[in-house]
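Peer 1: The following file, coords08.pdb, comprises PDB, C-alpha atoms, pLDDT in the B column:
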ATOM      1  CA  MET A   1       0.000   0.000   0.000  1.00 43.00           C
ATOM      2  CA  GLN A   2       1.540   3.324  -1.080  1.00 44.00           C
ATOM      3  CA  SER A   3       0.916   6.165   1.284  1.00 46.00           C
ATOM      4  CA  GLU A   4      -0.308   9.367  -0.336  1.00 51.00           C
ATOM      5  CA  THR A   5       1.139  11.541   2.421  1.00 74.00           C
ATOM      6  CA  ILE A   6       4.666  10.149   2.387  1.00 79.00           C
ATOM      7  CA  PRO A   7       6.862  11.334  -0.479  1.00 81.00           C
ATOM      8  CA  LEU A   8       8.156   8.139  -2.050  1.00 85.00           C
ATOM      9  CA  LYS A   9       9.503   9.981  -5.147  1.00 89.00           C
ATOM     10  CA  ASP A  10      10.595   7.252  -7.564  1.00 92.00           C
ATOM     11  CA  PRO A  11       9.943   4.050  -5.543  1.00 93.00           C
ATOM     12  CA  PRO A  12      12.052   1.644  -7.667  1.00 95.00           C
ATOM     13  CA  MET A  13      15.033   4.010  -7.531  1.00 95.00           C
ATOM     14  CA  ALA A  14      14.544   4.525  -3.807  1.00 95.00           C
ATOM     15  CA  ALA A  15      14.414   0.758  -3.297  1.00 96.00           C
ATOM     16  CA  LEU A  16      17.599   0.305  -5.322  1.00 96.00           C
ATOM     17  CA  PHE A  17      19.401   3.008  -3.353  1.00 97.00           C
ATOM     18  CA  ALA A  18      18.125   1.485  -0.103  1.00 97.00           C
ATOM     19  CA  TRP A  19      19.519  -1.896  -1.066  1.00 97.00           C
ATOM     20  CA  LEU A  20      22.867  -0.624  -2.314  1.00 97.00           C
ATOM     21  CA  ILE A  21      23.577   1.549   0.704  1.00 96.00           C
ATOM     22  CA  PRO A  22      21.382   1.101   3.792  1.00 96.00           C
ATOM     23  CA  GLY A  23      19.726   4.418   4.591  1.00 95.00           C
ATOM     24  CA  LEU A  24      20.380   6.041   1.220  1.00 96.00           C
ATOM     25  CA  GLY A  25      16.964   5.209  -0.213  1.00 96.00           C
ATOM     26  CA  HIS A  26      15.175   7.045   2.585  1.00 96.00           C
ATOM     27  CA  LEU A  27      17.598   9.956   2.341  1.00 96.00           C
ATOM     28  CA  TYR A  28      16.758  10.179  -1.374  1.00 95.00           C
ATOM     29  CA  GLN A  29      13.082  10.371  -0.429  1.00 94.00           C
ATOM     30  CA  GLY A  30      13.701  13.087   2.159  1.00 93.00           C
ATOM     31  CA  ARG A  31      12.746  10.817   5.060  1.00 93.00           C
ATOM     32  CA  VAL A  32      15.850  11.869   6.944  1.00 94.00           C
ATOM     33  CA  GLY A  33      14.936  10.583  10.410  1.00 94.00           C
ATOM     34  CA  LYS A  34      14.306   7.064   9.173  1.00 95.00           C
ATOM     35  CA  ALA A  35      17.380   7.244   6.952  1.00 96.00           C
ATOM     36  CA  ILE A  36      19.531   7.975   9.973  1.00 97.00           C
ATOM     37  CA  LEU A  37      17.825   5.302  12.075  1.00 97.00           C
ATOM     38  CA  PHE A  38      18.211   2.602   9.442  1.00 97.00           C
ATOM     39  CA  ALA A  39      21.753   3.611   8.570  1.00 97.00           C
ATOM     40  CA  VAL A  40      22.935   3.636  12.166  1.00 97.00           C
ATOM     41  CA  CYS A  41      21.228   0.354  13.110  1.00 97.00           C
ATOM     42  CA  ILE A  42      22.131  -1.651  10.032  1.00 97.00           C
ATOM     43  CA  TRP A  43      25.645  -0.362   9.488  1.00 97.00           C
ATOM     44  CA  THR A  44      26.504  -0.802  13.161  1.00 97.00           C
ATOM     45  CA  THR A  45      25.227  -4.370  13.126  1.00 97.00           C
ATOM     46  CA  PHE A  46      27.126  -5.207   9.950  1.00 97.00           C
ATOM     47  CA  LEU A  47      30.392  -3.574  10.995  1.00 96.00           C
ATOM     48  CA  TYR A  48      30.297  -5.127  14.450  1.00 95.00           C
ATOM     49  CA  GLY A  49      29.736  -8.508  12.842  1.00 95.00           C
ATOM     50  CA  MET A  50      32.738  -7.911  10.594  1.00 94.00           C
ATOM     51  CA  TYR A  51      34.798  -6.955  13.638  1.00 94.00           C
ATOM     52  CA  LEU A  52      33.781 -10.126  15.509  1.00 91.00           C
ATOM     53  CA  GLY A  53      34.729 -12.231  12.506  1.00 90.00           C
ATOM     54  CA  ASN A  54      38.050 -10.508  11.893  1.00 88.00           C
ATOM     55  CA  GLY A  55      36.757  -9.124   8.610  1.00 88.00           C
ATOM     56  CA  GLY A  56      36.653 -12.543   6.991  1.00 88.00           C
ATOM     57  CA  ILE A  57      33.068 -13.682   7.382  1.00 91.00           C
ATOM     58  CA  VAL A  58      31.454 -12.140   4.334  1.00 94.00           C
ATOM     59  CA  PHE A  59      32.470 -14.219   1.359  1.00 94.00           C
ATOM     60  CA  PHE A  60      30.888 -16.404  -1.287  1.00 94.00           C
ATOM     61  CA  ARG A  61      32.153 -19.900  -1.781  1.00 90.00           C
ATOM     62  CA  TRP A  62      30.234 -22.898  -3.099  1.00 89.00           C
ATOM     63  CA  ASP A  63      32.177 -26.096  -3.540  1.00 86.00           C
ATOM     64  CA  ALA A  64      32.728 -29.467  -1.937  1.00 84.00           C
ATOM     65  CA  GLY A  65      34.661 -27.903   0.931  1.00 81.00           C
ATOM     66  CA  GLU A  66      32.310 -25.109   1.854  1.00 83.00           C
ATOM     67  CA  GLN A  67      28.790 -23.963   0.969  1.00 89.00           C
ATOM     68  CA  ARG A  68      28.360 -20.467   2.285  1.00 91.00           C
ATOM     69  CA  TRP A  69      24.603 -20.318   2.828  1.00 94.00           C
ATOM     70  CA  ALA A  70      25.019 -17.279   5.075  1.00 94.00           C
ATOM     71  CA  TYR A  71      25.861 -15.145   2.051  1.00 96.00           C
ATOM     72  CA  ILE A  72      22.273 -15.403   0.830  1.00 96.00           C
ATOM     73  CA  CYS A  73      21.315 -13.215   3.819  1.00 96.00           C
ATOM     74  CA  GLN A  74      24.476 -11.099   3.872  1.00 96.00           C
ATOM     75  CA  VAL A  75      23.947  -9.966   0.272  1.00 96.00           C
ATOM     76  CA  GLY A  76      20.920  -8.023   1.529  1.00 96.00           C
ATOM     77  CA  MET A  77      23.436  -5.442   2.736  1.00 96.00           C
ATOM     78  CA  GLY A  78      24.045  -4.378  -0.832  1.00 95.00           C
ATOM     79  CA  LEU A  79      27.329  -2.746  -1.860  1.00 95.00           C
ATOM     80  CA  PRO A  80      29.298  -3.689   1.276  1.00 95.00           C
ATOM     81  CA  ALA A  81      28.646  -7.375   0.544  1.00 95.00           C
ATOM     82  CA  LEU A  82      28.730  -7.394  -3.278  1.00 95.00           C
ATOM     83  CA  PRO A  83      32.520  -7.602  -3.699  1.00 95.00           C
ATOM     84  CA  ALA A  84      32.278 -11.185  -2.406  1.00 95.00           C
ATOM     85  CA  LEU A  85      30.618 -12.229  -5.674  1.00 95.00           C
ATOM     86  CA  LEU A  86      33.259 -10.560  -7.803  1.00 94.00           C
ATOM     87  CA  GLN A  87      36.079 -12.002  -5.724  1.00 94.00           C
ATOM     88  CA  SER A  88      34.566 -15.482  -5.893  1.00 93.00           C
ATOM     89  CA  TRP A  89      34.325 -15.231  -9.679  1.00 93.00           C
ATOM     90  CA  ARG A  90      37.899 -14.011  -9.997  1.00 93.00           C
ATOM     91  CA  VAL A  91      39.303 -16.757  -7.761  1.00 92.00           C
ATOM     92  CA  SER A  92      37.316 -19.443  -9.557  1.00 91.00           C
ATOM     93  CA  HIS A  93      38.799 -18.207 -12.860  1.00 92.00           C
ATOM     94  CA  ASN A  94      42.343 -18.282 -11.471  1.00 91.00           C
ATOM     95  CA  ARG A  95      42.643 -14.523 -11.228  1.00 91.00           C
ATOM     96  CA  ASN A  96      44.022 -12.608  -8.287  1.00 91.00           C
ATOM     97  CA  PRO A  97      41.485 -11.013  -5.981  1.00 90.00           C
ATOM     98  CA  ILE A  98      41.261  -7.228  -6.008  1.00 90.00           C
ATOM     99  CA  LEU A  99      40.453  -4.645  -3.314  1.00 90.00           C
ATOM    100  CA  ARG A 100      43.317  -5.989  -1.203  1.00 90.00           C
ATOM    101  CA  GLY A 101      41.491  -9.285  -0.838  1.00 89.00           C
ATOM    102  CA  TYR A 102      38.349  -7.787   0.711  1.00 91.00           C
ATOM    103  CA  GLU A 103      35.692 -10.516   0.890  1.00 93.00           C
ATOM    104  CA  LYS A 104      37.736 -12.968  -1.118  1.00 91.00           C
ATOM    105  CA  PRO A 105      36.711 -16.573  -0.520  1.00 92.00           C
ATOM    106  CA  PRO A 106      39.115 -18.155   1.968  1.00 89.00           C
ATOM    107  CA  ASP A 107      40.955 -21.319   1.008  1.00 85.00           C
ATOM    108  CA  ASP A 108      40.797 -24.302   3.366  1.00 84.00           C
ATOM    109  CA  ASN A 109      43.726 -23.113   5.521  1.00 86.00           C
ATOM    110  CA  GLU A 110      42.274 -19.633   5.867  1.00 85.00           C
ATOM    111  CA  LEU A 111      38.894 -21.153   6.656  1.00 84.00           C
ATOM    112  CA  ASN A 112      40.413 -23.243   9.440  1.00 85.00           C
ATOM    113  CA  ARG A 113      42.033 -20.127  10.864  1.00 84.00           C
ATOM    114  CA  LEU A 114      38.662 -18.364  10.770  1.00 83.00           C
ATOM    115  CA  ASN A 115      36.996 -21.295  12.500  1.00 82.00           C
ATOM    116  CA  GLU A 116      39.559 -20.980  15.290  1.00 83.00           C
ATOM    117  CA  LEU A 117      37.739 -17.813  16.245  1.00 79.00           C
ATOM    118  CA  GLY A 118      35.169 -20.232  17.597  1.00 82.00           C
ATOM    119  CA  ARG A 119      31.825 -18.786  18.537  1.00 86.00           C
ATOM    120  CA  TYR A 120      32.908 -15.304  17.413  1.00 88.00           C
ATOM    121  CA  PHE A 121      32.999 -16.575  13.838  1.00 90.00           C
ATOM    122  CA  GLU A 122      29.402 -17.741  14.198  1.00 91.00           C
ATOM    123  CA  LEU A 123      28.377 -14.619  16.058  1.00 91.00           C
ATOM    124  CA  GLY A 124      29.905 -12.355  13.435  1.00 93.00           C
ATOM    125  CA  THR A 125      28.154 -14.351  10.735  1.00 94.00           C
ATOM    126  CA  VAL A 126      24.830 -13.985  12.541  1.00 94.00           C
ATOM    127  CA  TYR A 127      25.268 -10.235  12.957  1.00 96.00           C
ATOM    128  CA  THR A 128      26.044  -9.704   9.270  1.00 97.00           C
ATOM    129  CA  MET A 129      23.177 -11.976   8.222  1.00 97.00           C
ATOM    130  CA  ILE A 130      20.732 -10.036  10.376  1.00 97.00           C
ATOM    131  CA  ALA A 131      22.023  -6.745   8.977  1.00 97.00           C
ATOM    132  CA  GLY A 132      21.345  -8.040   5.466  1.00 97.00           C
ATOM    133  CA  LEU A 133      17.880  -9.323   6.319  1.00 97.00           C
ATOM    134  CA  LEU A 134      16.901  -6.078   8.057  1.00 97.00           C
ATOM    135  CA  ASN A 135      17.962  -4.172   4.970  1.00 97.00           C
ATOM    136  CA  VAL A 136      15.498  -6.236   2.950  1.00 97.00           C
ATOM    137  CA  LEU A 137      12.721  -4.852   5.177  1.00 96.00           C
ATOM    138  CA  VAL A 138      14.126  -1.378   4.658  1.00 97.00           C
ATOM    139  CA  VAL A 139      14.031  -1.837   0.889  1.00 97.00           C
ATOM    140  CA  PHE A 140      10.318  -2.652   1.091  1.00 95.00           C
ATOM    141  CA  ASP A 141       9.746   0.411   3.246  1.00 95.00           C
ATOM    142  CA  ALA A 142      11.545   2.589   0.718  1.00 95.00           C
ATOM    143  CA  TYR A 143       9.523   1.105  -2.151  1.00 94.00           C
ATOM    144  CA  ASN A 144       6.088   1.020  -0.582  1.00 91.00           C
ATOM    145  CA  GLY A 145       6.145   3.151   2.532  1.00 89.00           C
ATOM    146  CA  PRO A 146       5.509   1.771   6.019  1.00 89.00           C
ATOM    147  CA  ALA A 147       3.055  -1.070   6.540  1.00 84.00           C
ATOM    148  CA  TYR A 148       0.805   0.906   8.868  1.00 73.00           C
ATOM    149  CA  LEU A 149      -0.637  -1.030  11.754  1.00 52.00           C
ATOM    150  CA  GLU A 150      -3.150   1.805  12.085  1.00 57.00           C
ATOM    151  CA  ASP A 151      -4.725   0.650   8.815  1.00 53.00           C
ATOM    152  CA  GLU A 152      -5.442  -2.737  10.394  1.00 49.00           C
ATOM    153  CA  GLU A 153      -7.067  -0.992  13.341  1.00 47.00           C
ATOM    154  CA  ASP A 154      -9.147   1.147  10.956  1.00 50.00           C
ATOM    155  CA  GLU A 155     -10.294  -1.994   9.140  1.00 49.00           C
ATOM    156  CA  GLU A 156     -11.355  -3.542  12.441  1.00 48.00           C
ATOM    157  CA  ILE A 157     -13.309  -0.416  13.355  1.00 48.00           C
ATOM    158  CA  GLU A 158     -14.891  -0.343   9.875  1.00 50.00           C
ATOM    159  CA  THR A 159     -15.814  -4.028  10.126  1.00 50.00           C
ATOM    160  CA  ALA A 160     -17.271  -3.528  13.605  1.00 51.00           C
ATOM    161  CA  SER A 161     -19.344  -0.565  12.328  1.00 52.00           C
ATOM    162  CA  LYS A 162     -20.685  -2.647   9.435  1.00 55.00           C
ATOM    163  CA  LEU A 163     -21.678  -5.427  11.819  1.00 57.00           C
ATOM    164  CA  GLU A 164     -23.386  -2.913  14.087  1.00 59.00           C
ATOM    165  CA  ARG A 165     -25.338  -1.424  11.191  1.00 61.00           C
ATOM    166  CA  ALA A 166     -26.284  -4.894   9.991  1.00 62.00           C
ATOM    167  CA  SER A 167     -27.531  -5.899  13.437  1.00 63.00           C
ATOM    168  CA  VAL A 168     -29.550  -2.651  13.748  1.00 61.00           C
ATOM    169  CA  LYS A 169     -31.283  -3.348  10.396  1.00 61.00           C
ATOM    170  CA  THR A 170     -32.261  -6.859  11.480  1.00 59.00           C
TER     171      THR A 170
ATOM    172  CA  MET B   1      27.592 -23.944  42.112  1.00 66.00           C
ATOM    173  CA  MET B   2      27.873 -25.419  38.611  1.00 66.00           C
ATOM    174  CA  HIS B   3      24.624 -23.757  37.669  1.00 67.00           C
ATOM    175  CA  LEU B   4      25.958 -20.382  38.794  1.00 69.00           C
ATOM    176  CA  ILE B   5      28.968 -20.911  36.579  1.00 69.00           C
ATOM    177  CA  LEU B   6      26.658 -21.859  33.701  1.00 67.00           C
ATOM    178  CA  LEU B   7      24.574 -18.761  34.342  1.00 68.00           C
ATOM    179  CA  ALA B   8      27.651 -16.546  34.394  1.00 67.00           C
ATOM    180  CA  SER B   9      28.977 -18.012  31.159  1.00 64.00           C
ATOM    181  CA  PHE B  10      25.540 -17.623  29.572  1.00 65.00           C
ATOM    182  CA  VAL B  11      25.451 -13.947  30.508  1.00 65.00           C
ATOM    183  CA  THR B  12      28.964 -13.169  29.317  1.00 60.00           C
ATOM    184  CA  MET B  13      28.648 -14.941  25.995  1.00 59.00           C
ATOM    185  CA  ASN B  14      25.051 -14.103  25.256  1.00 72.00           C
ATOM    186  CA  TRP B  15      24.859 -10.417  26.062  1.00 81.00           C
ATOM    187  CA  HIS B  16      25.292 -10.142  22.277  1.00 86.00           C
ATOM    188  CA  VAL B  17      21.602 -10.918  21.961  1.00 89.00           C
ATOM    189  CA  LEU B  18      20.764  -7.526  23.534  1.00 91.00           C
ATOM    190  CA  PRO B  19      21.996  -5.255  20.745  1.00 93.00           C
ATOM    191  CA  LEU B  20      20.566  -7.638  18.159  1.00 94.00           C
ATOM    192  CA  ALA B  21      17.144  -7.544  19.796  1.00 95.00           C
ATOM    193  CA  LEU B  22      17.359  -3.759  20.036  1.00 96.00           C
ATOM    194  CA  VAL B  23      18.300  -3.309  16.395  1.00 97.00           C
ATOM    195  CA  VAL B  24      15.678  -5.766  15.141  1.00 96.00           C
ATOM    196  CA  SER B  25      12.992  -4.066  17.246  1.00 97.00           C
ATOM    197  CA  LEU B  26      13.907  -0.590  16.030  1.00 97.00           C
ATOM    198  CA  VAL B  27      14.224  -1.425  12.349  1.00 97.00           C
ATOM    199  CA  TYR B  28      11.122  -3.641  12.206  1.00 96.00           C
ATOM    200  CA  SER B  29       9.030  -1.045  14.038  1.00 95.00           C
ATOM    201  CA  ALA B  30      10.328   1.710  11.788  1.00 95.00           C
ATOM    202  CA  THR B  31       9.157  -0.248   8.745  1.00 95.00           C
ATOM    203  CA  ARG B  32       5.658  -0.423  10.244  1.00 93.00           C
ATOM    204  CA  HIS B  33       5.245   3.238  11.192  1.00 91.00           C
ATOM    205  CA  GLU B  34       6.343   6.681  10.104  1.00 90.00           C
ATOM    206  CA  GLU B  35       5.936   8.734  13.286  1.00 90.00           C
ATOM    207  CA  ALA B  36       8.769   8.617  15.823  1.00 92.00           C
ATOM    208  CA  GLY B  37       6.413   8.100  18.760  1.00 93.00           C
ATOM    209  CA  ASP B  38       4.734   5.089  17.154  1.00 91.00           C
ATOM    210  CA  ILE B  39       8.090   3.625  16.169  1.00 94.00           C
ATOM    211  CA  LEU B  40       9.443   3.929  19.700  1.00 95.00           C
ATOM    212  CA  GLN B  41       6.325   2.472  21.314  1.00 95.00           C
ATOM    213  CA  HIS B  42       6.251  -0.496  18.996  1.00 94.00           C
ATOM    214  CA  SER B  43       9.975  -1.121  19.315  1.00 96.00           C
ATOM    215  CA  VAL B  44       9.852  -1.112  23.126  1.00 97.00           C
ATOM    216  CA  ARG B  45       7.013  -3.669  23.084  1.00 96.00           C
ATOM    217  CA  LEU B  46       8.813  -5.829  20.542  1.00 96.00           C
ATOM    218  CA  PHE B  47      12.127  -5.647  22.400  1.00 96.00           C
ATOM    219  CA  LEU B  48      10.478  -6.766  25.625  1.00 96.00           C
ATOM    220  CA  MET B  49       8.754  -9.615  23.787  1.00 96.00           C
ATOM    221  CA  ILE B  50      12.009 -10.805  22.232  1.00 94.00           C
ATOM    222  CA  MET B  51      13.918 -10.657  25.509  1.00 93.00           C
ATOM    223  CA  GLY B  52      11.072 -12.366  27.317  1.00 94.00           C
ATOM    224  CA  PHE B  53      11.142 -15.185  24.798  1.00 93.00           C
ATOM    225  CA  VAL B  54      14.923 -15.528  25.132  1.00 90.00           C
ATOM    226  CA  LEU B  55      14.684 -15.653  28.921  1.00 89.00           C
ATOM    227  CA  VAL B  56      11.908 -18.250  28.826  1.00 92.00           C
ATOM    228  CA  VAL B  57      13.945 -20.459  26.512  1.00 90.00           C
ATOM    229  CA  PHE B  58      16.974 -20.039  28.744  1.00 86.00           C
ATOM    230  CA  ALA B  59      14.916 -20.980  31.811  1.00 88.00           C
ATOM    231  CA  ILE B  60      13.618 -24.106  30.073  1.00 90.00           C
ATOM    232  CA  LEU B  61      17.142 -25.123  29.057  1.00 86.00           C
ATOM    233  CA  LEU B  62      18.431 -24.457  32.566  1.00 84.00           C
ATOM    234  CA  VAL B  63      15.726 -26.630  34.102  1.00 88.00           C
ATOM    235  CA  ALA B  64      16.223 -29.321  31.479  1.00 87.00           C
ATOM    236  CA  SER B  65      19.954 -29.454  32.237  1.00 83.00           C
ATOM    237  CA  TRP B  66      19.500 -29.411  36.031  1.00 78.00           C
ATOM    238  CA  ARG B  67      20.296 -33.037  36.598  1.00 69.00           C
ATOM    239  CA  LEU B  68      22.751 -33.545  33.752  1.00 64.00           C
TER     240      LEU B  68
END
Let's see the structure in the file written out as structure tokens.
Peer 2:
Amino acid sequence: MQSETIPLKDPPMAALFAWLIPGLGHLYQGRVGKAILFAVCIWTTFLYGMYLGNGGIVFFRWDAGEQRWAYICQVGMGLPALPALLQSWRVSHNRNPILRGYEKPPDDNELNRLNELGRYFELGTVYTMIAGLLNVLVVFDAYNGPAYLEDEEDEEIETASKLERASVKT
Amino acid sequence: MMHLILLASFVTMNWHVLPLALVVSLVYSATRHEEAGDILQHSVRLFLMIMGFVLVVFAILLVASWRL
């Protein structure tokens, strides 16, 4: 449901901006308060997750040794998580990773070293996954406006009024 | 005594759930409302629900592991 009172501007563009950089879509729409809220919450969650995981928990690797299901959620973060796809492609085609190895898929030795972080590896993964998933909600908000709970209350009131009128007629 | 140690280790390792619950509450509530007051109200309710659920699950696990 698109709100008529909230300036959504160009919803598809806003949604794209919101996905690429959390908070940017709402800034584009002029919804500055929500832009700041989303940016602070999601970026903090993502960056803290990266810190817990020593910067090595966002990557894409899909082979016999490792299937990185977590990336499906992490990619919701947009630009901060997209280099993992490029790095994975480059490594799989025997090319050197770029961006100083940011989000390059770890080989088995590097993966073992990451797993030595123990629960912090898992915790960092969870934080970055949640950041990505929350950004998916934010994208919907940028595209369609908020899913007002007040509308559900209005429907209940409207339904109750209809029932009352129906009972009065009978 | 062992259960106190378990409780202490639970608290130290699982305080990480607090900021997660806070962030999830805020962001989810902000996608449901536009006004700051409504967002805050909803997020407080949701945060308390999430933490309540976590504490209940912890209590169940603590009781279940009492005799182990």
Peer 1: Fewer than 4 positions away in the same chain doesn't count, so skip those; otherwise give me all residues within 9 Å of Leu40 (chain B), counting all atoms listed in the file, as a tab-separated table (two decimals) with C-alpha atoms, in the frame of the given file.
Peer 2:
chain	number	residue	atom	x	y	z
B	26	LEU	CA	13.91	-0.59	16.03
B	29	SER	CA	9.03	-1.04	14.04
B	30	ALA	CA	10.33	1.71	11.79
B	35	GLU	CA	5.94	8.73	13.29
B	36	ALA	CA	8.77	8.62	15.82
B	44	VAL	CA	9.85	-1.11	23.13
B	45	ARG	CA	7.01	-3.67	23.08
Peer 1: Have a look at B:Glu34, B:His42, B:Trp66, B:Phe47 and name the one nearest to Leu22 (chain B); count only C-alpha atoms.
Peer 2: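 The closest residue to Leu22 (chain B) is B:Phe47.
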Peer 1: May I ask for the distance between CA of Gly65 (chain A) and CA of Leu86 (chain A), given in Å to one decimal place?
Peer 2: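 Spanning CA of Gly65 (chain A) to CA of Leu86 (chain A) is a straight-line distance of 19.5 Å.
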Peer 1: Tell me as a list in words which residues belonging to chain B come within 8 Å of chain A, counting only C-alpha atoms.
Peer 2: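 Therefore, the residues near the partner are Leu20, Val23, Val24, Leu26, Val27, Tyr28, Ala30, Thr31, Arg32, His33 and Glu34 of chain B.
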Peer 1: Go ahead and write the residues just picked, C-alpha atoms, as a compact mmCIF listing (two decimals), in the frame of the given file.
Peer 2:
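Resulting contents of again-v4.txt:
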# COMPACT_ATOMS: atom_id res chain seq x y z
CA LEU B 20 20.57 -7.64 18.16
CA VAL B 23 18.30 -3.31 16.40
CA VAL B 24 15.68 -5.77 15.14
CA LEU B 26 13.91 -0.59 16.03
CA VAL B 27 14.22 -1.42 12.35
CA TYR B 28 11.12 -3.64 12.21
CA ALA B 30 10.33 1.71 11.79
CA THR B 31 9.16 -0.25 8.74
CA ARG B 32 5.66 -0.42 10.24
CA HIS B 33 5.24 3.24 11.19
CA GLU B 34 6.34 6.68 10.10
Peer 1: Got a sec to resolve the PyMOL selection byres ((chain B and resi 51-54) around 12) on this structure and send the residues as an NGL selection string?
Peer 2: :B and (10-11 or 14-22 or 24-25 or 44-50 or 55-61)
Peer 1: Find the residue from A:Pro12, A:Gly25, A:Gly30, A:Gly55 that sits nearest to Phe121 (chain A); use all atoms listed in the file when measuring.
Peer 2: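 Smallest distance to Phe121 (chain A) is found for A:Gly55.
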Peer 1: Quick one: distance from CA of Ile21 (chain A) to CA of Gly132 (chain A) in Å, one decimal?
Peer 2: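 Computing the Euclidean distance for CA of Ile21 (chain A) and CA of Gly132 (chain A) yields 10.9 Å.
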Peer 1: Mind telling me what the PyMOL selection byres ((chain A and resi 53) around 12) catches here, as a PyMOL selection string?
Peer 2: chain A and resi 46-52+54-59+103+111+113-128
Peer 1: Please produce region 83-102 of chain A, completed to N, CA and C atoms, as a short mmCIF file (atom, residue, chain, number, x, y, z; two decimals), in the frame of the given file.
Peer 2:
data_model
loop_
_atom_site.label_atom_id
_atom_site.label_comp_id
_atom_site.auth_asym_id
_atom_site.auth_seq_id
_atom_site.Cartn_x
_atom_site.Cartn_y
_atom_site.Cartn_z
N PRO A 83 31.19 -7.19 -3.23
CA PRO A 83 32.52 -7.60 -3.70
C PRO A 83 32.77 -9.09 -3.54
N ALA A 84 32.08 -9.75 -2.61
CA ALA A 84 32.28 -11.18 -2.41
C ALA A 84 31.98 -11.97 -3.68
N LEU A 85 30.97 -11.52 -4.43
CA LEU A 85 30.62 -12.23 -5.67
C LEU A 85 31.71 -12.06 -6.71
N LEU A 86 32.20 -10.83 -6.83
CA LEU A 86 33.26 -10.56 -7.80
C LEU A 86 34.53 -11.32 -7.45
N GLN A 87 34.87 -11.31 -6.16
CA GLN A 87 36.08 -12.00 -5.72
C GLN A 87 35.97 -13.51 -5.96
N SER A 88 34.78 -14.04 -5.69
CA SER A 88 34.57 -15.48 -5.89
C SER A 88 34.74 -15.83 -7.37
N TRP A 89 34.20 -14.99 -8.24
CA TRP A 89 34.33 -15.23 -9.68
C TRP A 89 35.79 -15.17 -10.11
N ARG A 90 36.50 -14.17 -9.60
CA ARG A 90 37.90 -14.01 -10.00
C ARG A 90 38.73 -15.21 -9.54
N VAL A 91 38.53 -15.63 -8.29
CA VAL A 91 39.30 -16.76 -7.76
C VAL A 91 38.98 -18.04 -8.52
N SER A 92 37.70 -18.21 -8.85
CA SER A 92 37.32 -19.44 -9.56
C SER A 92 37.86 -19.47 -10.99
N HIS A 93 38.21 -18.28 -11.53
CA HIS A 93 38.80 -18.21 -12.86
C HIS A 93 40.29 -17.94 -12.79
N ASN A 94 40.88 -18.36 -11.66
CA ASN A 94 42.34 -18.28 -11.47
C ASN A 94 42.90 -16.87 -11.65
N ARG A 95 42.15 -15.90 -11.22
CA ARG A 95 42.64 -14.52 -11.23
C ARG A 95 42.86 -14.08 -9.79
N ASN A 96 43.75 -13.11 -9.63
CA ASN A 96 44.02 -12.61 -8.29
C ASN A 96 42.86 -11.76 -7.80
N PRO A 97 42.54 -11.88 -6.51
CA PRO A 97 41.48 -11.01 -5.98
C PRO A 97 41.93 -9.56 -5.98
N ILE A 98 40.96 -8.67 -6.02
CA ILE A 98 41.26 -7.23 -6.01
C ILE A 98 40.85 -6.65 -4.66
N LEU A 99 40.87 -5.35 -4.54
CA LEU A 99 40.45 -4.64 -3.31
C LEU A 99 41.19 -5.18 -2.08
N ARG A 100 42.46 -5.49 -2.28
CA ARG A 100 43.32 -5.99 -1.20
C ARG A 100 42.71 -7.23 -0.54
N GLY A 101 42.03 -8.03 -1.34
CA GLY A 101 41.49 -9.28 -0.84
C GLY A 101 40.23 -9.16 -0.01
N TYR A 102 39.59 -8.01 -0.05
CA TYR A 102 38.35 -7.79 0.71
C TYR A 102 37.27 -8.76 0.23
#
